[in-house]
Amino acid sequence: MVVEGLPGIPGNTVLDRRAYAMEHLDHLRRILMWEPRGHADMYGGWLGPPVHPESDLSVLFTHNEGFSTMCGHGIIALAKVVLDTGMVAAQVPETTLRIDTPAGTVTAISAIADGFVVSTRFRNVPSFVVELGASITVPGLGEVTYDLAFGGAFYAYVDAATLELEVHDTMALIPAGRMIKEAISAERQIAHPNEPGLGFLYGVIFTAPPRSEGSHGRNVCVFADGEVDRSPTGTGVSGRLAILHHRGEVGQGEPVTIESIVDSRFTGRVVATTKVGEFTAVIPEIEGTAHIIGRSELWLDPTDDLGRGFLIR
């Protein structure tokens with residue numbers, strides 16, 4: 001989470017700021033996300049001022065390929081950072097933050113104990129199903145069946161077992177995710193009813209049965225340029241809740257726990273329903289934890305060409 005040192009980023013909305021950053025500040029993203037400071041699966045958040053008077057702050061999320069439209073695990077991490085470091089005063093027993101993102105405003109509610117955040121749940125932007133049981137022919141993989149849903153970004157959900165993939169095998173998941181994403185993006189138009197800037201396929205989420213009793217399933221998200229999410233993917237869980245609710249498998253208020261590739265968990269529930277254009281949508285609430293692992297000050301030597309960022313993978 002970058003808390004200081006960035007230039008001012010103009011824009012009346014965070015989506016506008018994202019477009020500006022993509023055009024004018026991508027060199028900073030590469031410096032922060034790529035080697036030698038980062039790696040192919042690095043993820044980040046740039047904190048900024050809010051765009052709405054009732055909001056507390058804004059955030060731009062970054063990854064190996066560009067700038068995200070929304071990130072659930074990033075929201076949980078952001079709340080931990082700004083409250084535990086005193087950037088925003090924490091209130092007991094819960095502190096609410098309204099955070100402007102490119103996908104819209106989300107509300108994060110953090111539980112506070114002994115002066116620190118112990119968990120955060122956030123109410124995401126409306127999430128909806130575009131299509132269930134779609135299929136596409138992918139070279140090297142054959143016929144692939146997927147569900148298409150939006151949870152702050154668009155994802156194709158694929159049952160890993162149907163492709164004989166193991167969700168712990170990233171060496172197989174990364175190329176499969178890339179190929180599926182490329183094939184779907186080439187075949188169909190991905191459009192958000194209200195925001196053209198949100199209209200693209202962000203990633204592929206491979207689903208699998210849970211490893212632990214009490215969990216509903218497992219998500220492994222391959223997004224951006226073959227990046228692998230270590231969390232269950234907050235926006236991905238949001239989209240999966242929309243799918244489960246659409247199928248009648250989960251009712252409003254019913255908790256669903258989804259595991260990640262490293263066995264961490266998010267618990268989500270549908271708290272309300274609404275409409276987004278022609279789509280019936282849900283308002284998902286996702287809960288998880290975060291931990292601060294350090295504080296760094298990064299430098300760039302103007303004579304260091306490698307310091308401007310590179311990737312091996």
# chains A, B, ... in the order shown; residues from 1 in each chain; ligands from 1

call {"tool": "residues_around", "arguments": {"residues": "region 258-267 of chain A", "least_positions_apart": "6", "cutoff": "10 Å", "atoms": "only C-alpha atoms", "output": "mmCIF file with C-alpha atoms, in the first residue's frame"}}
result
data_model
loop_
_atom_site.group_PDB
_atom_site.id
_atom_site.type_symbol
_atom_site.label_atom_id
_atom_site.label_comp_id
_atom_site.auth_asym_id
_atom_site.auth_seq_id
_atom_site.Cartn_x
_atom_site.Cartn_y
_atom_site.Cartn_z
ATOM 1 C CA GLY A 72 -11.400 -7.310 -2.261
ATOM 2 C CA HIS A 73 -8.232 -8.504 -0.542
ATOM 3 C CA ARG A 121 -15.849 -7.112 6.098
ATOM 4 C CA VAL A 167 -5.839 -26.104 -8.158
ATOM 5 C CA HIS A 168 -2.458 -26.270 -6.423
ATOM 6 C CA ASP A 169 -0.612 -26.766 -9.732
ATOM 7 C CA THR A 170 0.168 -23.199 -10.763
ATOM 8 C CA THR A 207 -13.029 -23.633 -8.718
ATOM 9 C CA ALA A 208 -12.646 -26.854 -6.774
ATOM 10 C CA PRO A 209 -14.039 -28.631 -3.700
ATOM 11 C CA PRO A 210 -12.816 -27.375 -0.307
ATOM 12 C CA ARG A 211 -10.045 -28.997 1.666
ATOM 13 C CA SER A 212 -11.538 -28.104 5.060
ATOM 14 C CA GLY A 214 -17.238 -26.141 6.747
ATOM 15 C CA SER A 215 -15.970 -24.451 3.592
ATOM 16 C CA HIS A 216 -18.042 -24.267 0.421
ATOM 17 C CA GLY A 217 -15.235 -24.494 -2.106
ATOM 18 C CA ARG A 218 -11.928 -23.179 -3.361
ATOM 19 C CA ASN A 219 -11.049 -20.323 -5.739
ATOM 20 C CA VAL A 220 -7.754 -19.913 -7.569
ATOM 21 C CA CYS A 221 -7.748 -16.787 -9.709
ATOM 22 C CA VAL A 228 -2.016 -15.811 -9.371
ATOM 23 C CA ASP A 229 -4.008 -14.496 -6.411
ATOM 24 C CA ARG A 230 -2.919 -15.846 -3.023
ATOM 25 C CA SER A 231 -6.263 -14.880 -1.473
ATOM 26 C CA PRO A 232 -9.649 -16.435 -2.322
ATOM 27 C CA THR A 233 -10.180 -13.225 -4.391
ATOM 28 C CA GLY A 234 -12.699 -10.835 -2.831
ATOM 29 C CA GLY A 236 -14.087 -13.380 -7.257
ATOM 30 C CA VAL A 237 -16.002 -14.503 -4.175
ATOM 31 C CA ARG A 240 -19.300 -16.554 -7.110
ATOM 32 C CA GLU A 285 -20.391 -8.707 1.888
ATOM 33 C CA ILE A 286 -16.965 -10.356 2.152
ATOM 34 C CA GLU A 287 -14.977 -10.812 5.373
ATOM 35 C CA GLY A 288 -11.321 -11.635 5.905
ATOM 36 C CA THR A 289 -8.171 -10.646 7.772
#

call {"tool": "residues_around", "arguments": {"residues": "Phe279 (chain A)", "least_positions_apart": "3", "cutoff": "10 Å", "atoms": "only C-alpha atoms", "output": "list in words"}}
result
Ser127, Phe128, Val129, Val130, Pro193, Thr274, Lys275, Val276 and Val282 of chain A

call {"tool": "select_by_dssp", "arguments": {"residues": "region 252-287 of chain A", "states": "strand (DSSP E)", "output": "VMD selection string"}}
result
chain A and resid 256 to 259 265 to 276 279 to 287

call {"tool": "residues_around", "arguments": {"residues": "Glu166 (chain A)", "least_positions_apart": "5", "cutoff": "10 Å", "atoms": "only C-alpha atoms", "output": "list in words"}}
result
Ala160, Ala161, Ala172, Leu173, Phe206, Thr207 and Ala208 of chain A

call {"tool": "atom_distance", "arguments": {"atom1": "CA of Ala134 (chain A)", "atom2": "CA of Tyr146 (chain A)"}}
result
5.3 Å

call {"tool": "closest_atom_pairs", "arguments": {"of": "region 69-159 of chain A", "to": "region 1-7 of chain A", "cutoff": "10 Å", "atoms": "only C-alpha atoms", "output": "CSV"}}
result
residue,atom,partner,partner_atom,distance
A:Gly74,CA,A:Met1,CA,8.6
A:Ala77,CA,A:Met1,CA,8.1
A:Leu78,CA,A:Met1,CA,6.9
A:Val81,CA,A:Met1,CA,7.8
A:Val82,CA,A:Val3,CA,8.8
A:Met87,CA,A:Val3,CA,9.3

call {"tool": "write_last_selection", "arguments": {"atoms": "C-alpha atoms", "output": "PDB file, in the first residue's frame"}}
result
ATOM      1  CA  GLY A  74      -6.802  -5.036  -1.238  1.00  0.00           C
ATOM      2  CA  ALA A  77      -5.445  -4.828   3.581  1.00  0.00           C
ATOM      3  CA  LEU A  78      -6.088  -1.113   3.100  1.00  0.00           C
ATOM      4  CA  VAL A  81      -3.056  -0.256   7.147  1.00  0.00           C
ATOM      5  CA  VAL A  82      -4.925   3.025   7.552  1.00  0.00           C
ATOM      6  CA  MET A  87      -3.974   7.406   9.292  1.00  0.00           C
TER       7      MET A  87
END

call {"tool": "closest_residue", "arguments": {"among": "A:Ile184, A:Ile174, A:Leu198, A:Val118", "to": "His291 (chain A)", "atoms": "only C-alpha atoms"}}
result
A:Val118

call {"tool": "atom_distance", "arguments": {"atom1": "CA of His39 (chain A)", "atom2": "CA of Glu23 (chain A)"}}
result
21.9 Å

call {"tool": "residues_around", "arguments": {"residues": "region 297-313 of chain A", "least_positions_apart": "3", "cutoff": "8 Å", "atoms": "only C-alpha atoms", "output": "number ranges by chain"}}
result
A: 27, 30-37, 39-40

call {"tool": "write_last_selection", "arguments": {"atoms": "C-alpha atoms", "output": "compact mmCIF listing (two decimals), in the first residue's frame"}}
result
# COMPACT_ATOMS: atom_id res chain seq x y z
CA HIS A 27 6.36 3.80 -15.23
CA ARG A 30 6.44 -0.96 -13.22
CA ILE A 31 8.95 0.38 -10.69
CA LEU A 32 6.75 -0.77 -7.79
CA MET A 33 5.32 -4.03 -9.14
CA TRP A 34 8.14 -5.51 -11.20
CA GLU A 35 11.58 -6.75 -10.22
CA PRO A 36 13.86 -5.86 -8.49
CA ARG A 37 11.32 -4.55 -5.92
CA HIS A 39 7.72 -9.92 -8.87
CA ALA A 40 5.33 -11.35 -11.45

call {"tool": "closest_residue", "arguments": {"among": "A:Pro102, A:Pro53, A:Pro196, A:Gly226", "to": "Val14 (chain A)", "atoms": "only C-alpha atoms"}}
result
A:Pro102

call {"tool": "atom_distance", "arguments": {"atom1": "CA of His192 (chain A)", "atom2": "CA of Leu132 (chain A)"}}
result
16.5 Å

call {"tool": "closest_residue", "arguments": {"among": "A:Gly197, A:Gly142, A:Leu148, A:Asp41", "to": "Ala19 (chain A)", "atoms": "only C-alpha atoms"}}
result
A:Gly197

call {"tool": "residues_around", "arguments": {"residues": "Ser58 (chain A)", "least_positions_apart": "4", "cutoff": "8 Å", "atoms": "only C-alpha atoms", "output": "PyMOL selection string"}}
result
chain A and resi 14+47-51+99-101

call {"tool": "select_by_dssp", "arguments": {"residues": "region 10-227 of chain A", "states": "alpha helix (DSSP H)", "output": "PyMOL selection string"}}
result
chain A and resi 14-24+26-33+72-84+170-187

call {"tool": "write_last_selection", "arguments": {"atoms": "C-alpha atoms", "output": "PDB file, in the first residue's frame"}}
result
ATOM      1  CA  VAL A  14     -11.556   6.958  -9.635  1.00  0.00           C
ATOM      2  CA  LEU A  15     -12.187   5.357 -13.013  1.00  0.00           C
ATOM      3  CA  ASP A  16     -10.963   8.626 -14.563  1.00  0.00           C
ATOM      4  CA  ARG A  17      -7.912   8.542 -12.281  1.00  0.00           C
ATOM      5  CA  ARG A  18      -7.255   4.970 -13.365  1.00  0.00           C
ATOM      6  CA  ALA A  19      -7.291   6.052 -17.011  1.00  0.00           C
ATOM      7  CA  TYR A  20      -4.874   8.907 -16.231  1.00  0.00           C
ATOM      8  CA  ALA A  21      -2.530   6.587 -14.320  1.00  0.00           C
ATOM      9  CA  MET A  22      -2.576   4.064 -17.167  1.00  0.00           C
ATOM     10  CA  GLU A  23      -1.534   6.763 -19.646  1.00  0.00           C
ATOM     11  CA  HIS A  24       0.847   8.870 -17.573  1.00  0.00           C
ATOM     12  CA  ASP A  26       2.624   3.385 -15.768  1.00  0.00           C
ATOM     13  CA  HIS A  27       6.362   3.800 -15.228  1.00  0.00           C
ATOM     14  CA  LEU A  28       5.673   4.094 -11.478  1.00  0.00           C
ATOM     15  CA  ARG A  29       3.579   0.946 -11.560  1.00  0.00           C
ATOM     16  CA  ARG A  30       6.437  -0.960 -13.219  1.00  0.00           C
ATOM     17  CA  ILE A  31       8.951   0.376 -10.686  1.00  0.00           C
ATOM     18  CA  LEU A  32       6.750  -0.769  -7.791  1.00  0.00           C
ATOM     19  CA  MET A  33       5.316  -4.033  -9.135  1.00  0.00           C
ATOM     20  CA  GLY A  72     -11.400  -7.310  -2.261  1.00  0.00           C
ATOM     21  CA  HIS A  73      -8.232  -8.504  -0.542  1.00  0.00           C
ATOM     22  CA  GLY A  74      -6.802  -5.036  -1.238  1.00  0.00           C
ATOM     23  CA  ILE A  75      -9.722  -3.393   0.575  1.00  0.00           C
ATOM     24  CA  ILE A  76      -9.179  -5.644   3.600  1.00  0.00           C
ATOM     25  CA  ALA A  77      -5.445  -4.828   3.581  1.00  0.00           C
ATOM     26  CA  LEU A  78      -6.088  -1.113   3.100  1.00  0.00           C
ATOM     27  CA  ALA A  79      -8.400  -0.964   6.123  1.00  0.00           C
ATOM     28  CA  LYS A  80      -5.761  -2.694   8.243  1.00  0.00           C
ATOM     29  CA  VAL A  81      -3.056  -0.256   7.147  1.00  0.00           C
ATOM     30  CA  VAL A  82      -4.925   3.025   7.552  1.00  0.00           C
ATOM     31  CA  LEU A  83      -6.498   2.094  10.895  1.00  0.00           C
ATOM     32  CA  ASP A  84      -3.577   0.313  12.579  1.00  0.00           C
ATOM     33  CA  THR A 170       0.168 -23.199 -10.763  1.00  0.00           C
ATOM     34  CA  MET A 171       2.488 -24.354 -13.552  1.00  0.00           C
ATOM     35  CA  ALA A 172      -0.589 -25.782 -15.283  1.00  0.00           C
ATOM     36  CA  LEU A 173      -3.150 -23.216 -14.108  1.00  0.00           C
ATOM     37  CA  ILE A 174      -1.270 -20.154 -15.397  1.00  0.00           C
ATOM     38  CA  PRO A 175      -1.072 -21.182 -19.076  1.00  0.00           C
ATOM     39  CA  ALA A 176      -4.614 -22.596 -18.953  1.00  0.00           C
ATOM     40  CA  GLY A 177      -5.936 -19.365 -17.444  1.00  0.00           C
ATOM     41  CA  ARG A 178      -4.143 -17.278 -20.036  1.00  0.00           C
ATOM     42  CA  MET A 179      -5.469 -19.360 -22.931  1.00  0.00           C
ATOM     43  CA  ILE A 180      -9.055 -19.338 -21.655  1.00  0.00           C
ATOM     44  CA  LYS A 181      -8.980 -15.587 -21.032  1.00  0.00           C
ATOM     45  CA  GLU A 182      -7.557 -14.907 -24.486  1.00  0.00           C
ATOM     46  CA  ALA A 183     -10.109 -17.150 -26.202  1.00  0.00           C
ATOM     47  CA  ILE A 184     -13.131 -15.652 -24.412  1.00  0.00           C
ATOM     48  CA  SER A 185     -11.913 -12.083 -24.923  1.00  0.00           C
ATOM     49  CA  ALA A 186     -11.481 -12.746 -28.645  1.00  0.00           C
ATOM     50  CA  GLU A 187     -14.894 -14.370 -29.053  1.00  0.00           C
TER      51      GLU A 187
END

call {"tool": "closest_residue", "arguments": {"among": "A:Gly203, A:Pro284, A:Gly11, A:Gly251", "to": "Ala224 (chain A)", "atoms": "only C-alpha atoms"}}
result
A:Gly203
